[in-house]
file final_37.cif (mmCIF, N, CA, C and O atoms)
data_target
loop_
_atom_site.label_atom_id
_atom_site.label_comp_id
_atom_site.auth_asym_id
_atom_site.auth_seq_id
_atom_site.Cartn_x
_atom_site.Cartn_y
_atom_site.Cartn_z
N MET A 1 121.25 49.91 188.63
CA MET A 1 122.26 50.25 189.58
C MET A 1 122.13 49.32 190.79
O MET A 1 121.04 48.95 191.19
N MET A 2 123.26 48.95 191.34
CA MET A 2 123.30 48.03 192.46
C MET A 2 124.04 48.67 193.63
O MET A 2 124.97 49.44 193.42
N TYR A 3 123.61 48.36 194.83
CA TYR A 3 124.26 48.86 196.03
C TYR A 3 124.85 47.67 196.79
O TYR A 3 124.15 46.70 197.06
N LEU A 4 126.14 47.75 197.10
CA LEU A 4 126.84 46.69 197.80
C LEU A 4 127.09 47.10 199.25
O LEU A 4 127.46 48.24 199.51
N ILE A 5 126.91 46.18 200.17
CA ILE A 5 127.27 46.40 201.57
C ILE A 5 128.65 45.77 201.76
O ILE A 5 128.82 44.56 201.59
N LEU A 6 129.62 46.60 202.06
CA LEU A 6 131.01 46.20 202.14
C LEU A 6 131.46 46.14 203.60
O LEU A 6 131.24 47.08 204.36
N LYS A 7 132.09 45.02 203.98
CA LYS A 7 132.61 44.84 205.33
C LYS A 7 134.14 44.97 205.27
O LYS A 7 134.79 44.26 204.52
N GLU A 8 134.69 45.88 206.05
CA GLU A 8 136.14 46.06 206.13
C GLU A 8 136.61 45.59 207.50
O GLU A 8 136.12 46.03 208.53
N THR A 9 137.58 44.67 207.49
CA THR A 9 138.20 44.19 208.72
C THR A 9 139.62 44.71 208.75
O THR A 9 140.39 44.47 207.83
N LYS A 10 139.94 45.44 209.81
CA LYS A 10 141.27 46.05 209.94
C LYS A 10 142.17 45.16 210.78
O LYS A 10 141.76 44.66 211.83
N TYR A 11 143.41 44.97 210.30
CA TYR A 11 144.40 44.16 211.00
C TYR A 11 145.63 45.02 211.27
O TYR A 11 145.91 45.97 210.56
N ASP A 12 146.38 44.65 212.30
CA ASP A 12 147.59 45.39 212.65
C ASP A 12 148.78 45.04 211.77
O ASP A 12 149.53 45.90 211.35
N ASN A 13 148.97 43.77 211.47
CA ASN A 13 150.18 43.32 210.81
C ASN A 13 150.04 43.00 209.33
O ASN A 13 151.04 42.76 208.66
N ILE A 14 148.84 42.96 208.82
CA ILE A 14 148.62 42.66 207.40
C ILE A 14 147.62 43.66 206.83
O ILE A 14 147.02 44.45 207.56
N ASP A 15 147.43 43.61 205.51
CA ASP A 15 146.48 44.51 204.85
C ASP A 15 145.05 44.21 205.31
O ASP A 15 144.72 43.07 205.66
N ASN A 16 144.24 45.22 205.26
CA ASN A 16 142.83 45.07 205.61
C ASN A 16 142.15 44.14 204.61
O ASN A 16 142.55 44.05 203.46
N SER A 17 141.10 43.47 205.06
CA SER A 17 140.33 42.62 204.16
C SER A 17 138.96 43.25 203.92
O SER A 17 138.41 43.95 204.78
N TYR A 18 138.43 43.01 202.73
CA TYR A 18 137.14 43.57 202.32
C TYR A 18 136.26 42.44 201.81
O TYR A 18 136.70 41.63 201.00
N ASP A 19 135.03 42.39 202.28
CA ASP A 19 134.07 41.36 201.87
C ASP A 19 132.75 42.02 201.52
O ASP A 19 132.33 42.97 202.19
N ILE A 20 132.09 41.50 200.50
CA ILE A 20 130.75 41.96 200.16
C ILE A 20 129.78 41.11 200.97
O ILE A 20 129.72 39.90 200.80
N CYS A 21 129.03 41.75 201.85
CA CYS A 21 128.10 41.05 202.74
C CYS A 21 126.73 40.85 202.10
O CYS A 21 126.08 39.85 202.33
N ASN A 22 126.30 41.85 201.34
CA ASN A 22 124.96 41.81 200.79
C ASN A 22 124.86 42.81 199.64
O ASN A 22 125.76 43.63 199.46
N PHE A 23 123.76 42.74 198.88
CA PHE A 23 123.54 43.68 197.79
C PHE A 23 122.05 43.82 197.53
O PHE A 23 121.26 42.96 197.90
N THR A 24 121.69 44.94 196.91
CA THR A 24 120.31 45.19 196.53
C THR A 24 120.29 46.28 195.45
O THR A 24 121.27 46.98 195.26
N THR A 25 119.16 46.41 194.79
CA THR A 25 118.99 47.49 193.81
C THR A 25 118.18 48.65 194.37
O THR A 25 118.01 49.66 193.71
N ASP A 26 117.68 48.49 195.59
CA ASP A 26 116.84 49.51 196.23
C ASP A 26 117.68 50.29 197.25
O ASP A 26 118.21 49.72 198.21
N ILE A 27 117.81 51.59 197.06
CA ILE A 27 118.63 52.43 197.92
C ILE A 27 118.12 52.44 199.37
O ILE A 27 118.91 52.42 200.32
N ASP A 28 116.81 52.47 199.56
CA ASP A 28 116.26 52.48 200.92
C ASP A 28 116.55 51.18 201.65
O ASP A 28 116.90 51.18 202.83
N LYS A 29 116.42 50.07 200.94
CA LYS A 29 116.73 48.77 201.54
C LYS A 29 118.21 48.68 201.87
O LYS A 29 118.59 48.14 202.90
N ALA A 30 119.07 49.22 200.99
CA ALA A 30 120.52 49.21 201.23
C ALA A 30 120.86 50.01 202.49
O ALA A 30 121.69 49.57 203.30
N ARG A 31 120.23 51.14 202.68
CA ARG A 31 120.47 51.94 203.88
C ARG A 31 120.03 51.20 205.14
O ARG A 31 120.71 51.23 206.17
N ASP A 32 118.88 50.53 205.06
CA ASP A 32 118.40 49.75 206.20
C ASP A 32 119.34 48.60 206.52
O ASP A 32 119.64 48.33 207.68
N MET A 33 119.83 47.90 205.48
CA MET A 33 120.76 46.80 205.69
C MET A 33 122.06 47.30 206.32
O MET A 33 122.58 46.68 207.25
N LEU A 34 122.56 48.42 205.83
CA LEU A 34 123.80 48.99 206.36
C LEU A 34 123.63 49.34 207.85
O LEU A 34 124.49 49.01 208.67
N GLN A 35 122.52 49.96 208.19
CA GLN A 35 122.25 50.31 209.59
C GLN A 35 122.17 49.05 210.45
O GLN A 35 122.69 49.01 211.57
N GLY A 36 121.55 48.01 209.92
CA GLY A 36 121.44 46.75 210.66
C GLY A 36 122.79 46.12 210.91
O GLY A 36 123.08 45.67 212.03
N TYR A 37 123.63 46.06 209.90
CA TYR A 37 124.98 45.50 210.07
C TYR A 37 125.77 46.30 211.10
O TYR A 37 126.47 45.73 211.93
N ARG A 38 125.66 47.60 211.05
CA ARG A 38 126.40 48.44 212.00
C ARG A 38 125.90 48.25 213.43
O ARG A 38 126.68 48.29 214.38
N LEU A 39 124.60 48.07 213.62
CA LEU A 39 124.05 47.87 214.95
C LEU A 39 124.45 46.53 215.55
O LEU A 39 124.71 46.43 216.75
N VAL A 40 124.51 45.50 214.72
CA VAL A 40 124.78 44.15 215.20
C VAL A 40 126.27 43.93 215.48
O VAL A 40 126.63 43.20 216.41
N GLU A 41 127.13 44.55 214.70
CA GLU A 41 128.58 44.32 214.82
C GLU A 41 129.13 44.92 216.11
O GLU A 41 128.92 46.08 216.41
N LYS A 42 129.85 44.10 216.87
CA LYS A 42 130.44 44.54 218.14
C LYS A 42 131.95 44.69 218.07
O LYS A 42 132.53 45.36 218.91
N ALA A 43 132.60 44.09 217.09
CA ALA A 43 134.05 44.16 216.98
C ALA A 43 134.48 45.56 216.57
O ALA A 43 133.89 46.16 215.67
N LYS A 44 135.51 46.07 217.23
CA LYS A 44 135.97 47.43 216.95
C LYS A 44 136.81 47.52 215.68
O LYS A 44 136.98 48.60 215.12
N ASN A 45 137.34 46.39 215.22
CA ASN A 45 138.17 46.40 214.02
C ASN A 45 137.38 46.13 212.74
O ASN A 45 137.95 45.99 211.67
N VAL A 46 136.05 46.11 212.84
CA VAL A 46 135.18 45.85 211.68
C VAL A 46 134.30 47.06 211.43
O VAL A 46 133.71 47.61 212.36
N SER A 47 134.22 47.48 210.17
CA SER A 47 133.32 48.58 209.80
C SER A 47 132.59 48.22 208.51
O SER A 47 133.05 47.38 207.73
N TYR A 48 131.46 48.84 208.31
CA TYR A 48 130.61 48.58 207.14
C TYR A 48 130.40 49.87 206.37
O TYR A 48 130.31 50.95 206.95
N SER A 49 130.29 49.74 205.06
CA SER A 49 129.99 50.89 204.21
C SER A 49 129.15 50.43 203.03
O SER A 49 129.05 49.24 202.74
N MET A 50 128.55 51.40 202.36
CA MET A 50 127.72 51.11 201.19
C MET A 50 128.44 51.65 199.96
O MET A 50 128.97 52.75 199.97
N LEU A 51 128.43 50.86 198.91
CA LEU A 51 129.11 51.21 197.67
C LEU A 51 128.12 51.10 196.53
O LEU A 51 127.45 50.07 196.38
N ARG A 52 128.02 52.16 195.72
CA ARG A 52 127.14 52.11 194.55
C ARG A 52 127.92 51.50 193.39
O ARG A 52 129.04 51.91 193.10
N TYR A 53 127.34 50.51 192.74
CA TYR A 53 128.00 49.82 191.64
C TYR A 53 127.14 49.92 190.40
O TYR A 53 125.95 49.60 190.42
N GLU A 54 127.75 50.37 189.32
CA GLU A 54 127.08 50.42 188.03
C GLU A 54 127.79 49.47 187.09
O GLU A 54 129.02 49.48 187.00
N GLN A 55 127.02 48.65 186.41
CA GLN A 55 127.63 47.70 185.49
C GLN A 55 128.27 48.44 184.32
O GLN A 55 127.74 49.45 183.86
N PRO A 56 129.41 47.95 183.85
CA PRO A 56 130.08 48.62 182.73
C PRO A 56 129.23 48.58 181.46
O PRO A 56 128.42 47.67 181.27
N LEU A 57 129.44 49.56 180.62
CA LEU A 57 128.72 49.65 179.35
C LEU A 57 129.19 48.54 178.42
O LEU A 57 130.39 48.31 178.26
N LYS A 58 128.24 47.83 177.82
CA LYS A 58 128.56 46.77 176.86
C LYS A 58 128.38 47.31 175.46
O LYS A 58 127.32 47.79 175.10
N LEU A 59 129.44 47.24 174.67
CA LEU A 59 129.35 47.67 173.27
C LEU A 59 128.90 46.48 172.44
O LEU A 59 129.44 45.39 172.54
N THR A 60 127.89 46.72 171.59
CA THR A 60 127.36 45.63 170.78
C THR A 60 127.89 45.67 169.36
O THR A 60 127.81 44.67 168.65
N LYS A 61 128.42 46.80 168.93
CA LYS A 61 129.04 46.87 167.61
C LYS A 61 130.26 47.77 167.67
O LYS A 61 130.38 48.61 168.56
N GLU A 62 131.14 47.60 166.72
CA GLU A 62 132.38 48.34 166.72
C GLU A 62 132.13 49.80 166.35
O GLU A 62 131.35 50.12 165.47
N VAL A 63 132.79 50.68 167.07
CA VAL A 63 132.70 52.12 166.83
C VAL A 63 134.02 52.56 166.26
O VAL A 63 135.07 52.36 166.84
N ALA A 64 133.97 53.21 165.09
CA ALA A 64 135.22 53.62 164.45
C ALA A 64 135.47 55.10 164.64
O ALA A 64 134.68 55.91 164.86
#
call {"tool": "encode", "arguments": {"input": "final_37.cif", "output": "structure tokens"}}
result
Amino acid sequence: MMYLILKETKYDNIDNSYDICNFTTDIDKARDMLQGYRLVEKAKNVSYSMLRYEQPLKLTKEVA
């Protein structure tokens, strides 16, 4: 399982933009990174969140 740190930038006239800032497989490290990004960011139109990502299941043979 992977944890993504997602940056959302809000705009008035266009759709919001989303960027992946960082990632890790350790939940505690992900929480620390998220807290760090939130503390450092000063812009009011930018927010950070954590997203859990699981890789899709790979089928190795056909199932009938």
call {"tool": "closest_atom_pairs", "arguments": {"input": "final_37.cif", "of": "stretch 26-53 of chain A", "to": "stretch 1-5 of chain A", "cutoff": "8 Å", "atoms": "all atoms listed in the file", "output": "CSV"}}
result
residue,atom,partner,partner_atom,distance
A:Asp26,N,A:Met1,O,5.6
A:Ile27,CA,A:Tyr3,CA,6.9
A:Lys29,C,A:Tyr3,O,7.9
A:Ala30,CA,A:Tyr3,O,6.1
A:Met33,C,A:Ile5,CA,7.1
A:Leu34,CA,A:Ile5,CA,6.5
A:Ser47,O,A:Ile5,C,7.6
A:Tyr48,CA,A:Ile5,C,6.4
A:Ser49,O,A:Ile5,CA,3.6
A:Met50,CA,A:Leu4,O,3.3
A:Leu51,O,A:Leu4,N,2.8
A:Arg52,C,A:Met2,O,3.6
A:Tyr53,N,A:Met2,O,2.7
call {"tool": "write_last_selection", "arguments": {"input": "final_37.cif", "atoms": "N, CA, C and O atoms", "output": "tab-separated table (two decimals), keeping the file's coordinate frame"}}
result
chain	number	residue	atom	x	y	z
A	26	ASP	N	117.68	48.49	195.59
A	26	ASP	CA	116.84	49.51	196.23
A	26	ASP	C	117.68	50.29	197.25
A	26	ASP	O	118.21	49.72	198.21
A	27	ILE	N	117.81	51.59	197.06
A	27	ILE	CA	118.63	52.43	197.92
A	27	ILE	C	118.12	52.44	199.37
A	27	ILE	O	118.91	52.42	200.32
A	29	LYS	N	116.42	50.07	200.94
A	29	LYS	CA	116.73	48.77	201.54
A	29	LYS	C	118.21	48.68	201.87
A	29	LYS	O	118.59	48.14	202.90
A	30	ALA	N	119.07	49.22	200.99
A	30	ALA	CA	120.52	49.21	201.23
A	30	ALA	C	120.86	50.01	202.49
A	30	ALA	O	121.69	49.57	203.30
A	33	MET	N	119.83	47.90	205.48
A	33	MET	CA	120.76	46.80	205.69
A	33	MET	C	122.06	47.30	206.32
A	33	MET	O	122.58	46.68	207.25
A	34	LEU	N	122.56	48.42	205.83
A	34	LEU	CA	123.80	48.99	206.36
A	34	LEU	C	123.63	49.34	207.85
A	34	LEU	O	124.49	49.01	208.67
A	47	SER	N	134.22	47.48	210.17
A	47	SER	CA	133.32	48.58	209.80
A	47	SER	C	132.59	48.22	208.51
A	47	SER	O	133.05	47.38	207.73
A	48	TYR	N	131.46	48.84	208.31
A	48	TYR	CA	130.61	48.58	207.14
A	48	TYR	C	130.40	49.87	206.37
A	48	TYR	O	130.31	50.95	206.95
A	49	SER	N	130.29	49.74	205.06
A	49	SER	CA	129.99	50.89	204.21
A	49	SER	C	129.15	50.43	203.03
A	49	SER	O	129.05	49.24	202.74
A	50	MET	N	128.55	51.40	202.36
A	50	MET	CA	127.72	51.11	201.19
A	50	MET	C	128.44	51.65	199.96
A	50	MET	O	128.97	52.75	199.97
A	51	LEU	N	128.43	50.86	198.91
A	51	LEU	CA	129.11	51.21	197.67
A	51	LEU	C	128.12	51.10	196.53
A	51	LEU	O	127.45	50.07	196.38
A	52	ARG	N	128.02	52.16	195.72
A	52	ARG	CA	127.14	52.11	194.55
A	52	ARG	C	127.92	51.50	193.39
A	52	ARG	O	129.04	51.91	193.10
A	53	TYR	N	127.34	50.51	192.74
A	53	TYR	CA	128.00	49.82	191.64
A	53	TYR	C	127.14	49.92	190.40
A	53	TYR	O	125.95	49.60	190.42
call {"tool": "resolve_selection", "arguments": {"input": "final_37.cif", "expression": "the PyMOL selection byres ((chain A and resi 21) around 5)", "output": "PyMOL selection string"}}
result
chain A and resi 5-7+19-20+22-23
call {"tool": "resolve_selection", "arguments": {"input": "final_37.cif", "expression": "the PyMOL selection byres ((chain A and resi 9) around 6)", "output": "NGL selection string"}}
result
:A and (7-8 or 10-11 or 15-18 or 45-47)
call {"tool": "select_by_dssp", "arguments": {"input": "final_37.cif", "residues": "chain A", "states": "strand (DSSP E)", "output": "list in words"}}
result
Met2, Tyr3, Leu4, Ile5, Leu6, Lys7, Glu8, Thr9, Ser17, Tyr18, Asp19, Ile20, Cys21, Asn22, Phe23, Thr24, Val46, Ser47, Tyr48, Ser49, Met50, Leu51, Arg52 and Tyr53 of chain A
call {"tool": "axis_aligned_box", "arguments": {"input": "final_37.cif", "around": "stretch 44-49 of chain A", "padding_each_side": "3 Å", "output": "JSON"}}
result
{"center_x": 133.6, "center_y": 48.4, "center_z": 210.0, "size_x": 15.1, "size_y": 11.1, "size_z": 20.5}
call {"tool": "atom_distance", "arguments": {"input": "final_37.cif", "atom1": "atom C of A:Thr25", "atom2": "atom CA of A:Leu59"}}
result
23.9 Å
call {"tool": "atom_distance", "arguments": {"input": "final_37.cif", "atom1": "atom C of A:Leu57", "atom2": "atom C of A:Asp28"}}
result
26.6 Å
call {"tool": "select_by_dssp", "arguments": {"input": "final_37.cif", "residues": "stretch 6-58 of chain A", "states": "alpha helix (DSSP H)", "output": "compact mmCIF listing (two decimals) with N, CA, C and O atoms, keeping the file's coordinate frame"}}
result
# COMPACT_ATOMS: atom_id res chain seq x y z
N ILE A 27 117.81 51.59 197.06
CA ILE A 27 118.63 52.43 197.92
C ILE A 27 118.12 52.44 199.37
O ILE A 27 118.91 52.42 200.32
N ASP A 28 116.81 52.47 199.56
CA ASP A 28 116.26 52.48 200.92
C ASP A 28 116.55 51.18 201.65
O ASP A 28 116.90 51.18 202.83
N LYS A 29 116.42 50.07 200.94
CA LYS A 29 116.73 48.77 201.54
C LYS A 29 118.21 48.68 201.87
O LYS A 29 118.59 48.14 202.90
N ALA A 30 119.07 49.22 200.99
CA ALA A 30 120.52 49.21 201.23
C ALA A 30 120.86 50.01 202.49
O ALA A 30 121.69 49.57 203.30
N ARG A 31 120.23 51.14 202.68
CA ARG A 31 120.47 51.94 203.88
C ARG A 31 120.03 51.20 205.14
O ARG A 31 120.71 51.23 206.17
N ASP A 32 118.88 50.53 205.06
CA ASP A 32 118.40 49.75 206.20
C ASP A 32 119.34 48.60 206.52
O ASP A 32 119.64 48.33 207.68
N MET A 33 119.83 47.90 205.48
CA MET A 33 120.76 46.80 205.69
C MET A 33 122.06 47.30 206.32
O MET A 33 122.58 46.68 207.25
N LEU A 34 122.56 48.42 205.83
CA LEU A 34 123.80 48.99 206.36
C LEU A 34 123.63 49.34 207.85
O LEU A 34 124.49 49.01 208.67
N GLN A 35 122.52 49.96 208.19
CA GLN A 35 122.25 50.31 209.59
C GLN A 35 122.17 49.05 210.45
O GLN A 35 122.69 49.01 211.57
N GLY A 36 121.55 48.01 209.92
CA GLY A 36 121.44 46.75 210.66
C GLY A 36 122.79 46.12 210.91
O GLY A 36 123.08 45.67 212.03
N TYR A 37 123.63 46.06 209.90
CA TYR A 37 124.98 45.50 210.07
C TYR A 37 125.77 46.30 211.10
O TYR A 37 126.47 45.73 211.93
N ARG A 38 125.66 47.60 211.05
CA ARG A 38 126.40 48.44 212.00
C ARG A 38 125.90 48.25 213.43
O ARG A 38 126.68 48.29 214.38
N LEU A 39 124.60 48.07 213.62
CA LEU A 39 124.05 47.87 214.95
C LEU A 39 124.45 46.53 215.55
O LEU A 39 124.71 46.43 216.75
N VAL A 40 124.51 45.50 214.72
CA VAL A 40 124.78 44.15 215.20
C VAL A 40 126.27 43.93 215.48
O VAL A 40 126.63 43.20 216.41
call {"tool": "atom_distance", "arguments": {"input": "final_37.cif", "atom1": "atom O of A:Gly36", "atom2": "atom CA of A:Thr24"}}
result
15.8 Å
